[in-house]
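For reference, coords_27.pdb is printed below; it contains PDB, C-alpha atoms and all ligand atoms.
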ATOM      1  CA  MET A   1      96.778  68.737 106.753  1.00  0.00           C
ATOM      2  CA  PRO A   2      97.730  69.849 103.230  1.00  0.00           C
ATOM      3  CA  ASP A   3     100.142  72.702 102.741  1.00  0.00           C
ATOM      4  CA  CYS A   4      98.766  76.104 101.906  1.00  0.00           C
ATOM      5  CA  TYR A   5      98.082  76.889  98.237  1.00  0.00           C
ATOM      6  CA  CYS A   6     100.878  79.468  98.327  1.00  0.00           C
ATOM      7  CA  GLY A   7     103.477  76.748  98.860  1.00  0.00           C
ATOM      8  CA  SER A   8     104.449  77.557 102.426  1.00  0.00           C
ATOM      9  CA  SER A   9     104.912  74.616 104.792  1.00  0.00           C
ATOM     10  CA  LEU A  10     101.966  75.836 106.876  1.00  0.00           C
ATOM     11  CA  SER A  11      98.386  74.676 106.531  1.00  0.00           C
ATOM     12  CA  PHE A  12      95.935  77.003 104.740  1.00  0.00           C
ATOM     13  CA  GLU A  13      94.216  77.681 108.102  1.00  0.00           C
ATOM     14  CA  ASN A  14      97.506  78.874 109.593  1.00  0.00           C
ATOM     15  CA  CYS A  15      98.760  80.692 106.516  1.00  0.00           C
ATOM     16  CA  CYS A  16      96.635  82.523 103.955  1.00  0.00           C
ATOM     17  CA  GLU A  17      93.087  81.759 105.149  1.00  0.00           C
ATOM     18  CA  PRO A  18      93.044  84.370 107.978  1.00  0.00           C
ATOM     19  CA  TYR A  19      93.974  87.047 105.410  1.00  0.00           C
ATOM     20  CA  LEU A  20      91.329  85.886 102.929  1.00  0.00           C
ATOM     21  CA  LYS A  21      88.727  85.984 105.715  1.00  0.00           C
ATOM     22  CA  ASN A  22      89.893  89.465 106.798  1.00  0.00           C
ATOM     23  CA  GLN A  23      90.749  88.124 110.244  1.00  0.00           C
ATOM     24  CA  GLN A  24      94.341  89.307 109.921  1.00  0.00           C
ATOM     25  CA  LYS A  25      96.198  91.812 107.785  1.00  0.00           C
ATOM     26  CA  ALA A  26      99.062  90.603 105.637  1.00  0.00           C
ATOM     27  CA  PRO A  27     102.134  92.060 107.361  1.00  0.00           C
ATOM     28  CA  THR A  28     104.414  92.252 104.319  1.00  0.00           C
ATOM     29  CA  ALA A  29     104.240  92.595 100.552  1.00  0.00           C
ATOM     30  CA  GLU A  30     105.277  88.944 100.226  1.00  0.00           C
ATOM     31  CA  THR A  31     102.536  87.639 102.533  1.00  0.00           C
ATOM     32  CA  LEU A  32      99.992  89.741 100.665  1.00  0.00           C
ATOM     33  CA  MET A  33     101.225  88.346  97.339  1.00  0.00           C
ATOM     34  CA  ARG A  34     101.065  84.804  98.662  1.00  0.00           C
ATOM     35  CA  SER A  35      97.556  85.354  99.989  1.00  0.00           C
ATOM     36  CA  ARG A  36      96.496  86.783  96.630  1.00  0.00           C
ATOM     37  CA  TYR A  37      97.768  83.640  94.920  1.00  0.00           C
ATOM     38  CA  SER A  38      95.717  81.563  97.387  1.00  0.00           C
ATOM     39  CA  ALA A  39      92.764  83.820  96.581  1.00  0.00           C
ATOM     40  CA  PHE A  40      93.172  82.982  92.888  1.00  0.00           C
ATOM     41  CA  ALA A  41      93.391  79.298  93.781  1.00  0.00           C
ATOM     42  CA  THR A  42      90.162  79.463  95.801  1.00  0.00           C
ATOM     43  CA  GLY A  43      88.192  81.960  93.692  1.00  0.00           C
ATOM     44  CA  ALA A  44      88.205  84.677  96.376  1.00  0.00           C
ATOM     45  CA  ALA A  45      87.591  87.536  93.934  1.00  0.00           C
ATOM     46  CA  ASP A  46      86.373  89.985  96.598  1.00  0.00           C
ATOM     47  CA  TYR A  47      89.706  89.656  98.375  1.00  0.00           C
ATOM     48  CA  LEU A  48      91.586  90.236  95.121  1.00  0.00           C
ATOM     49  CA  VAL A  49      89.616  93.408  94.453  1.00  0.00           C
ATOM     50  CA  ALA A  50      89.990  94.613  98.056  1.00  0.00           C
ATOM     51  CA  THR A  51      93.767  94.136  98.010  1.00  0.00           C
ATOM     52  CA  THR A  52      94.246  95.914  94.683  1.00  0.00           C
ATOM     53  CA  HIS A  53      95.220  99.558  95.164  1.00  0.00           C
ATOM     54  CA  SER A  54      92.271 101.931  94.647  1.00  0.00           C
ATOM     55  CA  SER A  55      94.065 103.678  91.755  1.00  0.00           C
ATOM     56  CA  GLN A  56      94.237 100.383  89.857  1.00  0.00           C
ATOM     57  CA  ARG A  57      90.851  98.801  90.608  1.00  0.00           C
ATOM     58  CA  LYS A  58      89.264 100.066  87.418  1.00  0.00           C
ATOM     59  CA  PHE A  59      91.690  97.827  85.485  1.00  0.00           C
ATOM     60  CA  HIS A  60      90.740  94.730  87.467  1.00  0.00           C
ATOM     61  CA  LYS A  61      87.030  94.021  87.214  1.00  0.00           C
ATOM     62  CA  LYS A  62      85.721  91.500  89.694  1.00  0.00           C
ATOM     63  CA  GLY A  63      84.011  89.404  87.010  1.00  0.00           C
ATOM     64  CA  ASP A  64      87.223  89.179  84.989  1.00  0.00           C
ATOM     65  CA  ILE A  65      89.222  88.231  88.076  1.00  0.00           C
ATOM     66  CA  LEU A  66      86.730  85.538  88.981  1.00  0.00           C
ATOM     67  CA  GLU A  67      86.745  84.128  85.467  1.00  0.00           C
ATOM     68  CA  TRP A  68      90.566  84.113  85.321  1.00  0.00           C
ATOM     69  CA  SER A  69      90.648  82.501  88.751  1.00  0.00           C
ATOM     70  CA  LYS A  70      88.103  79.796  87.904  1.00  0.00           C
ATOM     71  CA  SER A  71      89.093  79.006  84.314  1.00  0.00           C
ATOM     72  CA  ASN A  72      92.609  77.982  85.374  1.00  0.00           C
ATOM     73  CA  HIS A  73      93.795  75.252  87.691  1.00  0.00           C
ATOM     74  CA  TRP A  74      96.395  76.761  90.029  1.00  0.00           C
ATOM     75  CA  VAL A  75      99.237  74.313  90.492  1.00  0.00           C
ATOM     76  CA  LYS A  76     101.895  76.092  92.523  1.00  0.00           C
ATOM     77  CA  LEU A  77     103.565  79.347  93.393  1.00  0.00           C
ATOM     78  CA  GLU A  78     107.285  79.979  93.351  1.00  0.00           C
ATOM     79  CA  VAL A  79     108.531  83.210  94.929  1.00  0.00           C
ATOM     80  CA  LEU A  80     111.829  84.063  93.235  1.00  0.00           C
ATOM     81  CA  ALA A  81     112.824  87.356  94.855  1.00  0.00           C
ATOM     82  CA  THR A  82     111.402  89.902  97.269  1.00  0.00           C
ATOM     83  CA  THR A  83     112.155  93.403  98.463  1.00  0.00           C
ATOM     84  CA  GLU A  84     110.106  95.437 100.931  1.00  0.00           C
ATOM     85  CA  THR A  85     107.716  96.557  98.166  1.00  0.00           C
ATOM     86  CA  THR A  86     108.189  94.063  95.330  1.00  0.00           C
ATOM     87  CA  VAL A  87     107.783  90.342  94.731  1.00  0.00           C
ATOM     88  CA  THR A  88     109.005  88.426  91.688  1.00  0.00           C
ATOM     89  CA  PHE A  89     107.238  85.125  91.264  1.00  0.00           C
ATOM     90  CA  LYS A  90     106.154  82.359  88.943  1.00  0.00           C
ATOM     91  CA  ALA A  91     102.611  81.037  89.213  1.00  0.00           C
ATOM     92  CA  TYR A  92     102.204  77.626  87.577  1.00  0.00           C
ATOM     93  CA  TYR A  93      98.768  76.756  86.302  1.00  0.00           C
ATOM     94  CA  LEU A  94      96.835  74.697  83.790  1.00  0.00           C
ATOM     95  CA  ASP A  95      94.717  76.766  81.458  1.00  0.00           C
ATOM     96  CA  SER A  96      91.158  75.903  80.412  1.00  0.00           C
ATOM     97  CA  GLU A  97      92.584  73.441  77.860  1.00  0.00           C
ATOM     98  CA  LEU A  98      94.751  71.899  80.587  1.00  0.00           C
ATOM     99  CA  LYS A  99      97.949  73.198  79.030  1.00  0.00           C
ATOM    100  CA  ALA A 100     100.715  73.963  81.538  1.00  0.00           C
ATOM    101  CA  GLN A 101     101.358  77.703  81.754  1.00  0.00           C
ATOM    102  CA  ILE A 102     103.623  79.911  83.823  1.00  0.00           C
ATOM    103  CA  HIS A 103     102.706  83.441  84.821  1.00  0.00           C
ATOM    104  CA  HIS A 104     106.018  85.206  85.592  1.00  0.00           C
ATOM    105  CA  GLU A 105     105.567  88.606  87.190  1.00  0.00           C
ATOM    106  CA  HIS A 106     107.440  91.306  89.067  1.00  0.00           C
ATOM    107  CA  SER A 107     104.743  92.901  91.225  1.00  0.00           C
ATOM    108  CA  THR A 108     104.834  96.201  93.055  1.00  0.00           C
ATOM    109  CA  PHE A 109     102.994  96.803  96.329  1.00  0.00           C
ATOM    110  CA  ILE A 110     102.286  99.836  98.481  1.00  0.00           C
ATOM    111  CA  PHE A 111     101.625 100.155 102.216  1.00  0.00           C
ATOM    112  CA  GLU A 112      98.815 102.625 102.796  1.00  0.00           C
ATOM    113  CA  ASN A 113      96.390 103.158 105.692  1.00  0.00           C
ATOM    114  CA  GLU A 114      97.879 100.169 107.552  1.00  0.00           C
ATOM    115  CA  ASN A 115      97.303  97.777 104.646  1.00  0.00           C
ATOM    116  CA  TRP A 116      99.407  96.394 101.843  1.00  0.00           C
ATOM    117  CA  TYR A 117      97.966  96.708  98.338  1.00  0.00           C
ATOM    118  CA  TYR A 118      98.917  95.309  94.958  1.00  0.00           C
ATOM    119  CA  VAL A 119      99.694  98.183  92.595  1.00  0.00           C
ATOM    120  CA  ASP A 120     100.807  96.648  89.318  1.00  0.00           C
ATOM    121  CA  GLY A 121     103.115  94.188  87.687  1.00  0.00           C
ATOM    122  CA  GLU A 122     105.632  93.778  84.945  1.00  0.00           C
ATOM    123  CA  TYR A 123     105.270  90.523  82.999  1.00  0.00           C
ATOM    124  CA  PHE A 124     108.027  88.438  81.507  1.00  0.00           C
TER     125      PHE A 124
HETATM  126 ZN    ZN B   1      99.648  80.591 102.273  1.00  0.00          ZN
END
Now that the file is in, can you turn its structure into structure tokens?
Ligand SMILES: [Zn+2]
Amino acid sequence: MPDCYCGSSLSFENCCEPYLKNQQKAPTAETLMRSRYSAFATGAADYLVATTHSSQRKFHKKGDILEWSKSNHWVKLEVLATTETTVTFKAYYLDSELKAQIHHEHSTFIFENENWYYVDGEYF
């Protein structure tokens, strides 16, 4: 059984998949972030829209998310630091020309109505 896309030692079925299928709610900002990375890796744009805070959704169009998700090959995720509401990470990917890229972001999350949501990020 391969490890989950998010780099945990668990299988996808026992890690991010239940969140992507809305069978479970991500219990922390970090698990939500990890599941969103797995959503990028699997092209789960609906999940990415649903887990973006309502105030920010207008900046993240589903078509753009899907294109960004599909045009890159997602190699691995490295979580560098976490607090209750923030995650700093590096997402390694190959762009559409197969050049190695790193997306380095400090993301902020909010817990609202029993769900964690991605609010926004600072890029490095
Ligand atoms: Zn995972």
Could I get the residue neighbourhood of ligand ZN 1 (chain B) at 12 Å, counting only C-alpha atoms and all ligand atoms, as a PDB file with C-alpha atoms, in the frame of the given file?
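Printed below is pocket_8.pdb as written:
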ATOM      1  CA  PRO A   2      97.730  69.849 103.230  1.00  0.00           C
ATOM      2  CA  ASP A   3     100.142  72.702 102.741  1.00  0.00           C
ATOM      3  CA  CYS A   4      98.766  76.104 101.906  1.00  0.00           C
ATOM      4  CA  TYR A   5      98.082  76.889  98.237  1.00  0.00           C
ATOM      5  CA  CYS A   6     100.878  79.468  98.327  1.00  0.00           C
ATOM      6  CA  GLY A   7     103.477  76.748  98.860  1.00  0.00           C
ATOM      7  CA  SER A   8     104.449  77.557 102.426  1.00  0.00           C
ATOM      8  CA  SER A   9     104.912  74.616 104.792  1.00  0.00           C
ATOM      9  CA  LEU A  10     101.966  75.836 106.876  1.00  0.00           C
ATOM     10  CA  SER A  11      98.386  74.676 106.531  1.00  0.00           C
ATOM     11  CA  PHE A  12      95.935  77.003 104.740  1.00  0.00           C
ATOM     12  CA  GLU A  13      94.216  77.681 108.102  1.00  0.00           C
ATOM     13  CA  ASN A  14      97.506  78.874 109.593  1.00  0.00           C
ATOM     14  CA  CYS A  15      98.760  80.692 106.516  1.00  0.00           C
ATOM     15  CA  CYS A  16      96.635  82.523 103.955  1.00  0.00           C
ATOM     16  CA  GLU A  17      93.087  81.759 105.149  1.00  0.00           C
ATOM     17  CA  PRO A  18      93.044  84.370 107.978  1.00  0.00           C
ATOM     18  CA  TYR A  19      93.974  87.047 105.410  1.00  0.00           C
ATOM     19  CA  LEU A  20      91.329  85.886 102.929  1.00  0.00           C
ATOM     20  CA  ALA A  26      99.062  90.603 105.637  1.00  0.00           C
ATOM     21  CA  GLU A  30     105.277  88.944 100.226  1.00  0.00           C
ATOM     22  CA  THR A  31     102.536  87.639 102.533  1.00  0.00           C
ATOM     23  CA  LEU A  32      99.992  89.741 100.665  1.00  0.00           C
ATOM     24  CA  MET A  33     101.225  88.346  97.339  1.00  0.00           C
ATOM     25  CA  ARG A  34     101.065  84.804  98.662  1.00  0.00           C
ATOM     26  CA  SER A  35      97.556  85.354  99.989  1.00  0.00           C
ATOM     27  CA  ARG A  36      96.496  86.783  96.630  1.00  0.00           C
ATOM     28  CA  TYR A  37      97.768  83.640  94.920  1.00  0.00           C
ATOM     29  CA  SER A  38      95.717  81.563  97.387  1.00  0.00           C
ATOM     30  CA  ALA A  39      92.764  83.820  96.581  1.00  0.00           C
ATOM     31  CA  PHE A  40      93.172  82.982  92.888  1.00  0.00           C
ATOM     32  CA  ALA A  41      93.391  79.298  93.781  1.00  0.00           C
ATOM     33  CA  THR A  42      90.162  79.463  95.801  1.00  0.00           C
ATOM     34  CA  LYS A  76     101.895  76.092  92.523  1.00  0.00           C
ATOM     35  CA  LEU A  77     103.565  79.347  93.393  1.00  0.00           C
ATOM     36  CA  GLU A  78     107.285  79.979  93.351  1.00  0.00           C
ATOM     37  CA  VAL A  79     108.531  83.210  94.929  1.00  0.00           C
TER      38      VAL A  79
END
- In Å, with one decimal, what is the gap from CA of Tyr118 (chain A) to CA of Gln56 (chain A)?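 Separating CA of Tyr118 (chain A) from CA of Gln56 (chain A) is a distance of 8.6 Å.
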- Task: Specify as a VMD selection string each residue included when the PyMOL selection byres (((chain A and resi 101-111) around 7) and not hetatm) is applied to this file.
- Result: chain A and resid 29 85 to 95 99 to 100 112 to 124
With C-alpha atoms retained, could you export that selection as a compact mmCIF listing (two decimals), in the coordinates of the input?
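Writing done, so here's selection-v7.txt:
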# COMPACT_ATOMS: atom_id res chain seq x y z
CA ALA A 29 104.24 92.60 100.55
CA THR A 85 107.72 96.56 98.17
CA THR A 86 108.19 94.06 95.33
CA VAL A 87 107.78 90.34 94.73
CA THR A 88 109.00 88.43 91.69
CA PHE A 89 107.24 85.12 91.26
CA LYS A 90 106.15 82.36 88.94
CA ALA A 91 102.61 81.04 89.21
CA TYR A 92 102.20 77.63 87.58
CA TYR A 93 98.77 76.76 86.30
CA LEU A 94 96.84 74.70 83.79
CA ASP A 95 94.72 76.77 81.46
CA LYS A 99 97.95 73.20 79.03
CA ALA A 100 100.72 73.96 81.54
CA GLU A 112 98.82 102.62 102.80
CA ASN A 113 96.39 103.16 105.69
CA GLU A 114 97.88 100.17 107.55
CA ASN A 115 97.30 97.78 104.65
CA TRP A 116 99.41 96.39 101.84
CA TYR A 117 97.97 96.71 98.34
CA TYR A 118 98.92 95.31 94.96
CA VAL A 119 99.69 98.18 92.60
CA ASP A 120 100.81 96.65 89.32
CA GLY A 121 103.12 94.19 87.69
CA GLU A 122 105.63 93.78 84.94
CA TYR A 123 105.27 90.52 83.00
CA PHE A 124 108.03 88.44 81.51
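Counting from CA of Gly63 (chain A), the distance to CA of Gln24 (chain A) is 25.1 Å.
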- Message: What's the separation between CA of Leu48 (chain A) and CA of Leu66 (chain A), in Å to one decimal place?
- Response: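 Result for CA of Leu48 (chain A) versus CA of Leu66 (chain A): 9.1 Å, one decimal.
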- Task: Please return, as an MDAnalysis selection string, all polymer residues that have at least one atom within 8 Å of the point (88.2, 84.8, 89.3); use all atoms listed in the file and the file's own coordinate frame.
- Result: chainID A and resid 40 43:45 62:71
Using the file's own x, y and z axes, so that the box edges lie along x, y and z, what centre and edge lengths in Å (one decimal) does a box around every listed atom of region 84-103 of chain A get when 3 Å is added on each side? Give it as AutoDock Vina command-line options.
--center_x 100.6 --center_y 84.2 --center_z 89.4 --size_x 24.9 --size_y 30.7 --size_z 29.1
